[in-house]
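Peer 1: Dropping in upload-v7.cif, with mmCIF, C-alpha atoms.
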```cif
data_input
#
loop_
_atom_site.label_atom_id
_atom_site.label_comp_id
_atom_site.auth_asym_id
_atom_site.auth_seq_id
_atom_site.Cartn_x
_atom_site.Cartn_y
_atom_site.Cartn_z
CA MET E 1 -253.70 141.28 24.92
CA ALA E 2 -250.94 143.87 24.48
CA ASN E 3 -247.34 142.85 25.04
CA THR E 4 -245.11 144.50 27.62
CA VAL E 5 -241.76 145.19 25.96
CA TYR E 6 -238.44 146.74 26.89
CA ALA E 7 -237.27 150.03 25.52
CA ASN E 8 -234.66 149.84 22.79
CA GLU E 9 -231.62 149.47 25.05
CA VAL E 10 -229.11 146.81 26.03
CA ILE E 11 -230.92 144.13 28.06
CA GLU E 12 -230.39 140.68 29.48
CA ALA E 13 -233.43 138.53 28.82
CA LYS E 14 -234.75 135.98 31.29
CA ALA E 15 -238.01 134.17 30.56
CA LYS E 16 -240.18 133.13 33.49
CA ASP E 17 -240.27 129.38 33.93
CA LEU E 18 -243.86 128.20 33.42
CA LEU E 19 -243.30 124.43 33.58
CA THR E 20 -245.36 122.49 36.09
CA THR E 21 -242.47 120.08 36.52
CA TYR E 22 -239.00 119.60 35.08
CA VAL E 23 -239.70 115.87 34.84
CA ASN E 24 -240.17 114.84 31.22
CA THR E 25 -243.43 112.89 31.48
CA ARG E 26 -243.23 111.94 27.79
CA SER E 27 -240.32 109.67 28.71
CA MET E 28 -242.66 107.79 31.09
CA MET E 29 -245.15 106.82 28.39
CA GLU E 30 -245.10 104.77 25.25
CA ILE E 31 -245.49 107.09 22.27
CA ASP E 32 -247.53 106.10 19.25
CA ASP E 33 -247.36 108.59 16.39
CA SER E 34 -249.83 106.72 14.18
CA LEU E 35 -252.95 108.56 15.39
CA THR E 36 -255.28 109.07 12.42
CA GLN E 37 -258.39 110.43 14.13
CA GLU E 38 -259.16 114.13 14.03
CA ALA E 39 -259.83 116.33 17.05
CA GLY E 40 -263.26 115.61 18.52
CA MET E 41 -263.31 112.02 17.25
CA THR E 42 -263.00 109.06 19.61
CA LYS E 43 -260.43 106.30 19.85
CA THR E 44 -261.31 103.04 21.63
CA ILE E 45 -258.62 101.53 23.83
CA ASN E 46 -258.90 98.17 25.58
CA LEU E 47 -257.95 98.47 29.25
CA TYR E 48 -256.45 95.17 30.41
CA THR E 49 -256.63 93.91 34.00
CA TYR E 50 -254.97 90.74 35.32
CA SER E 51 -256.49 88.76 38.18
CA GLY E 52 -254.62 86.00 39.95
CA GLU E 53 -253.21 84.74 43.21
CA ALA E 54 -249.81 83.18 43.79
CA GLU E 55 -249.89 79.86 45.66
CA THR E 56 -247.39 78.10 47.90
CA LEU E 57 -247.07 74.50 46.69
CA ASN E 58 -245.56 71.32 48.03
CA PRO E 59 -243.43 69.08 45.78
CA GLY E 60 -245.61 67.36 43.21
CA GLN E 61 -248.53 69.73 43.64
CA GLY E 62 -249.90 71.95 40.90
CA ASN E 63 -251.84 75.18 40.96
CA THR E 64 -255.44 75.03 42.13
CA LYS E 65 -256.19 78.48 40.77
CA ARG E 66 -255.48 80.09 37.43
CA GLY E 67 -254.81 83.70 36.66
CA SER E 68 -256.88 85.42 34.02
CA ILE E 69 -256.91 88.65 32.09
CA SER E 70 -259.91 90.71 31.05
CA TYR E 71 -260.38 93.96 29.24
CA VAL E 72 -262.86 96.79 29.22
CA PRO E 73 -263.06 98.96 26.09
CA LYS E 74 -262.88 102.66 26.89
CA ASN E 75 -263.44 105.57 24.54
CA TYR E 76 -261.14 108.58 24.59
CA GLU E 77 -261.75 111.85 22.81
CA VAL E 78 -258.93 113.04 20.59
CA LYS E 79 -257.82 116.52 21.64
CA LEU E 80 -256.50 119.45 19.70
CA VAL E 81 -254.42 121.67 21.95
CA GLN E 82 -253.41 125.03 20.52
CA GLU E 83 -251.54 128.04 21.86
CA ALA E 84 -251.50 131.34 19.96
CA PHE E 85 -249.78 134.69 20.45
CA ASP E 86 -249.36 137.96 18.54
CA TYR E 87 -246.65 140.58 18.34
CA TYR E 88 -246.05 143.74 16.34
CA ASP E 89 -243.00 144.43 14.20
CA GLU E 90 -242.26 147.28 16.58
CA ASP E 91 -242.23 144.87 19.54
CA ALA E 92 -239.52 142.77 17.93
CA MET E 93 -237.49 145.85 16.95
CA LYS E 94 -237.53 147.17 20.52
CA ASP E 95 -236.81 143.77 22.07
CA ASP E 96 -235.16 141.18 19.83
CA THR E 97 -235.74 138.38 22.40
CA ILE E 98 -239.51 138.71 22.58
CA VAL E 99 -240.36 136.12 19.91
CA GLU E 100 -237.98 133.54 21.32
CA ASN E 101 -239.37 134.01 24.84
CA MET E 102 -242.99 133.89 23.65
CA LEU E 103 -242.27 130.63 21.81
CA LEU E 104 -240.63 129.23 24.94
CA GLY E 105 -243.59 130.23 27.10
CA ALA E 106 -246.16 128.85 24.66
CA THR E 107 -244.29 125.53 24.40
CA GLN E 108 -244.13 125.22 28.18
CA VAL E 109 -247.87 125.90 28.51
CA MET E 110 -248.59 123.13 25.99
CA THR E 111 -246.20 120.78 27.81
CA ASN E 112 -248.09 121.46 31.03
CA LYS E 113 -251.32 120.37 29.35
CA MET E 114 -249.86 116.99 28.40
CA THR E 115 -248.34 116.66 31.88
CA SER E 116 -251.79 117.24 33.37
CA ASP E 117 -253.28 114.51 31.16
CA PHE E 118 -250.48 112.11 32.17
CA ILE E 119 -251.17 112.76 35.86
CA SER E 120 -254.89 112.14 35.27
CA ALA E 121 -254.05 108.81 33.62
CA ILE E 122 -251.77 107.52 36.40
CA THR E 123 -254.24 108.50 39.13
CA SER E 124 -257.28 107.15 37.25
CA ALA E 125 -260.02 105.30 39.11
CA ASP E 126 -259.60 102.53 36.50
CA ILE E 127 -256.36 101.42 38.21
CA THR E 128 -257.30 98.48 40.43
CA ASN E 129 -253.84 97.68 41.80
CA LYS E 130 -253.54 99.74 44.96
CA VAL E 131 -251.58 100.05 48.19
CA THR E 132 -253.12 102.23 50.90
CA LEU E 133 -250.81 104.22 53.14
CA THR E 134 -251.58 104.39 56.83
CA GLY E 135 -248.73 106.82 57.40
CA ASP E 136 -245.87 108.24 55.36
CA LEU E 137 -244.55 106.73 52.14
CA SER E 138 -242.13 103.96 53.06
CA TYR E 139 -239.76 101.42 51.56
CA ASP E 140 -242.24 98.65 52.47
CA SER E 141 -245.18 100.32 50.68
CA ILE E 142 -243.16 100.64 47.47
CA VAL E 143 -242.04 97.00 47.66
CA ASP E 144 -245.69 95.95 48.20
CA ALA E 145 -246.73 97.94 45.13
CA ILE E 146 -243.99 96.34 43.02
CA SER E 147 -245.31 92.90 43.96
CA LYS E 148 -248.77 93.75 42.57
CA ILE E 149 -247.53 94.51 39.06
CA ASN E 150 -247.63 91.79 36.44
CA VAL E 151 -244.02 91.81 35.22
CA GLU E 152 -241.12 89.41 35.51
CA ASP E 153 -238.41 91.87 34.52
CA GLU E 154 -238.65 94.55 37.21
CA SER E 155 -235.91 96.60 35.55
CA VAL E 156 -238.61 98.17 33.34
CA LEU E 157 -240.38 99.63 36.38
CA PHE E 158 -239.99 103.04 37.98
CA VAL E 159 -241.60 104.87 40.89
CA VAL E 160 -243.15 108.34 40.60
CA ILE E 161 -243.83 110.12 43.90
CA PRO E 162 -245.06 113.57 44.93
CA ASN E 163 -242.19 115.93 45.64
CA ALA E 164 -243.81 116.59 49.03
CA TRP E 165 -243.27 112.92 50.01
CA LYS E 166 -239.58 112.87 49.20
CA ALA E 167 -238.39 113.87 52.68
CA ALA E 168 -240.47 111.17 54.40
CA LEU E 169 -239.06 108.50 52.08
CA ARG E 170 -235.48 109.62 52.69
CA LYS E 171 -236.05 109.40 56.45
CA ASP E 172 -237.55 105.90 56.33
CA PRO E 173 -235.17 103.58 58.28
CA ASP E 174 -235.52 100.71 55.78
CA TYR E 175 -234.70 103.03 52.87
CA THR E 176 -231.72 104.56 54.66
CA ALA E 177 -230.38 101.12 55.55
CA ALA E 178 -230.84 99.89 51.99
CA ARG E 179 -228.81 102.82 50.63
CA MET E 180 -226.10 102.28 53.29
CA GLY E 181 -225.53 105.99 53.68
CA GLU E 182 -225.56 106.83 49.97
CA VAL E 183 -228.63 109.04 50.41
CA ILE E 184 -226.66 111.16 52.88
CA PHE E 185 -223.76 111.44 50.43
CA ASN E 186 -225.53 112.39 47.22
CA GLY E 187 -228.91 113.67 48.40
CA GLN E 188 -230.78 111.92 45.60
CA VAL E 189 -233.94 109.84 45.81
CA ALA E 190 -231.90 107.19 43.98
CA GLN E 191 -233.50 103.73 43.87
CA ILE E 192 -235.82 101.42 45.80
CA ALA E 193 -235.18 97.68 45.34
CA GLY E 194 -233.19 98.55 42.23
CA ILE E 195 -235.99 100.64 40.71
CA PRO E 196 -235.56 104.38 39.95
CA VAL E 197 -237.58 106.81 42.07
CA ILE E 198 -238.68 110.07 40.43
CA ALA E 199 -240.12 112.94 42.48
CA THR E 200 -242.31 115.59 40.86
CA ASN E 201 -244.45 118.40 42.22
CA ALA E 202 -247.03 117.58 39.52
CA LEU E 203 -248.28 114.82 41.85
CA ASP E 204 -248.36 116.87 45.05
CA ASP E 205 -252.09 117.67 44.87
CA ALA E 206 -253.01 114.06 44.00
CA LYS E 207 -251.47 112.67 47.22
CA THR E 208 -250.69 109.55 45.23
CA ALA E 209 -247.51 107.78 44.16
CA VAL E 210 -247.31 105.10 41.48
CA VAL E 211 -245.11 102.18 40.55
CA MET E 212 -245.35 101.62 36.81
CA SER E 213 -243.74 100.76 33.52
CA LYS E 214 -244.00 102.81 30.32
CA GLU E 215 -246.51 100.25 29.01
CA ALA E 216 -249.15 101.50 31.47
CA VAL E 217 -249.79 104.82 29.74
CA LYS E 218 -249.69 105.62 26.05
CA LEU E 219 -249.43 108.98 24.29
CA PHE E 220 -251.07 108.90 20.87
CA MET E 221 -250.03 111.74 18.58
CA LYS E 222 -250.94 112.60 15.03
CA LYS E 223 -247.58 114.31 14.72
CA ASP E 224 -245.38 116.47 16.86
CA VAL E 225 -246.15 120.09 17.69
CA GLU E 226 -246.94 122.06 14.53
CA VAL E 227 -245.99 125.73 14.26
CA GLU E 228 -247.77 128.06 11.83
CA GLN E 229 -247.30 131.80 11.30
CA GLU E 230 -249.21 134.56 9.53
CA ARG E 231 -248.68 138.30 9.14
CA ASP E 232 -250.98 141.25 8.55
CA ALA E 233 -248.83 143.62 6.50
CA ASP E 234 -251.22 146.53 7.02
CA THR E 235 -251.09 146.53 10.83
CA ARG E 236 -247.67 144.83 11.02
CA THR E 237 -249.18 142.17 13.31
CA ASN E 238 -247.53 138.77 13.43
CA SER E 239 -249.48 135.77 14.71
CA VAL E 240 -247.96 132.44 15.75
CA TYR E 241 -249.95 129.24 16.35
CA LEU E 242 -248.65 126.07 18.01
CA ARG E 243 -250.90 123.02 17.91
CA ALA E 244 -250.87 119.29 18.52
CA THR E 245 -253.48 116.55 18.03
CA TYR E 246 -253.12 113.88 20.70
CA LEU E 247 -254.60 111.88 23.53
CA VAL E 248 -253.12 110.33 26.67
CA ALA E 249 -254.68 107.05 27.80
CA LEU E 250 -254.26 104.41 30.47
CA ALA E 251 -253.42 101.50 28.18
CA ASP E 252 -252.56 98.61 30.53
CA ALA E 253 -253.67 98.65 34.18
CA THR E 254 -251.64 95.52 34.93
CA LYS E 255 -248.46 97.60 34.58
CA ILE E 256 -249.21 100.18 37.28
CA CYS E 257 -250.01 100.26 40.99
CA LYS E 258 -251.17 103.29 42.97
CA ILE E 259 -249.87 104.09 46.45
CA ALA E 260 -252.52 106.35 47.91
CA ALA E 261 -252.89 108.14 51.22
CA GLU E 262 -256.01 107.38 53.24
#
```
In structure tokens, how does this file's structure come out?

Peer 2:
Amino acid sequence: MANTVYANEVIEAKAKDLLTTYVNTRSMMEIDDSLTQEAGMTKTINLYTYSGEAETLNPGQGNTKRGSISYVPKNYEVKLVQEAFDYYDEDAMKDDTIVENMLLGATQVMTNKMTSDFISAITSADITNKVTLTGDLSYDSIVDAISKINVEDESVLFVVIPNAWKAALRKDPDYTAARMGEVIFNGQVAQIAGIPVIATNALDDAKTAVVMSKEAVKLFMKKDVEVEQERDADTRTNSVYLRATYLVALADATKICKIAAE
């Protein structure tokens, strides 16, 4: 595919933003850089699920039921994602920003691929903790989802919601009362029950929000993005390759709860 370049004149460069979301989804996952498998190989991950029921007890009584945890092994295929582009020496001479902007675009396209895999993981059918919405997203539905997650320290949790649901949450009377007018002052999604709320348009199509900790999803990487270049001196063609070997997996279903529309 031929590049469209500027003439050799003074220009101000502005690259088109290709990111699906500005939210850094890598910060929402645990990252393991010890991946040893090659692309096309499989990695087995045990998916843990906790089952239990809290009981109300009188003095001197003990539990009549016991919680338990089980796991199901699941195989994931290791992926090699690569983005490549070419440019001529003449392209770079006419427009000295073209390489920088092509690198930026290629990096954003690769980031979008990992974002897509993260969204697939947090909306997976393997997640058994679930709250079903009968209307708009509300303060109560988020609190219900928090209660279904197997953690004692709730400070490790965060909420990820579709950007399209942000307005409904801000208008919820319980949320507004909890913020005591702060939402009107700063216009931010802020927090629910002390837990950060993050809105992203990457979830808009899924019509699903999640309450989770970083332990729920894990990004396995062989190493970070690798950049390789080659040049054909005869045709003055420069080729750039960006690649990463990785997989994104739901690692612990006890650390995530879906809030899904009917």

Peer 1: Starting from the shown file, work through the PyMOL selection byres ((chain E and resi 245-259) around 8) and note down what comes out as number ranges by chain.

Peer 2: E: 35, 38-39, 45-50, 76-81, 114, 117-118, 121-124, 126-133, 141-142, 145-146, 148-151, 208-213, 215-223, 243-244, 260-261

Peer 1: Applying the PyMOL selection byres ((chain E and resi 224-240) around 6) to the file I just gave you, which residues come out? Please list them as a PyMOL selection string.

Peer 2: chain E and resi 84-89+223+241-244

Peer 1: Please compute the atom CA of E:Glu53-atom CA of E:Gly67 distance, one decimal, in Å.

Peer 2: 6.8 Å

Peer 1: As an exercise, work out the distance from atom CA of E:Val160 to atom CA of E:Val197 in Å and give it to one decimal place.

Peer 2: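 Taking atom CA of E:Val160 as the start and atom CA of E:Val197 as the end point, the length is 6.0 Å.
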
Peer 1: Do you have the atom CA of E:Tyr175-atom CA of E:Thr134 distance handy?

Peer 2: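 Atom CA of E:Thr134 lies at a distance of 17.4 Å from atom CA of E:Tyr175.
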
Peer 1: Stretch 203-206 of chain E: which residues within 7 Å, counting only C-alpha atoms, same-chain residues fewer than 4 positions away excluded, as a PyMOL selection string?

Peer 2: chain E and resi 119+161-164

Peer 1: Generate the output file for the selected residues, C-alpha atoms, as a PDB file, keeping the file's coordinate frame.

Peer 2:
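Wrote it out as out-v3.pdb, contents follow:
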```pdb
ATOM      1  CA  ILE E 119    -251.170 112.760  35.860  1.00  0.00           C
ATOM      2  CA  ILE E 161    -243.830 110.120  43.900  1.00  0.00           C
ATOM      3  CA  PRO E 162    -245.060 113.570  44.930  1.00  0.00           C
ATOM      4  CA  ASN E 163    -242.190 115.930  45.640  1.00  0.00           C
ATOM      5  CA  ALA E 164    -243.810 116.590  49.030  1.00  0.00           C
TER       6      ALA E 164
END
```
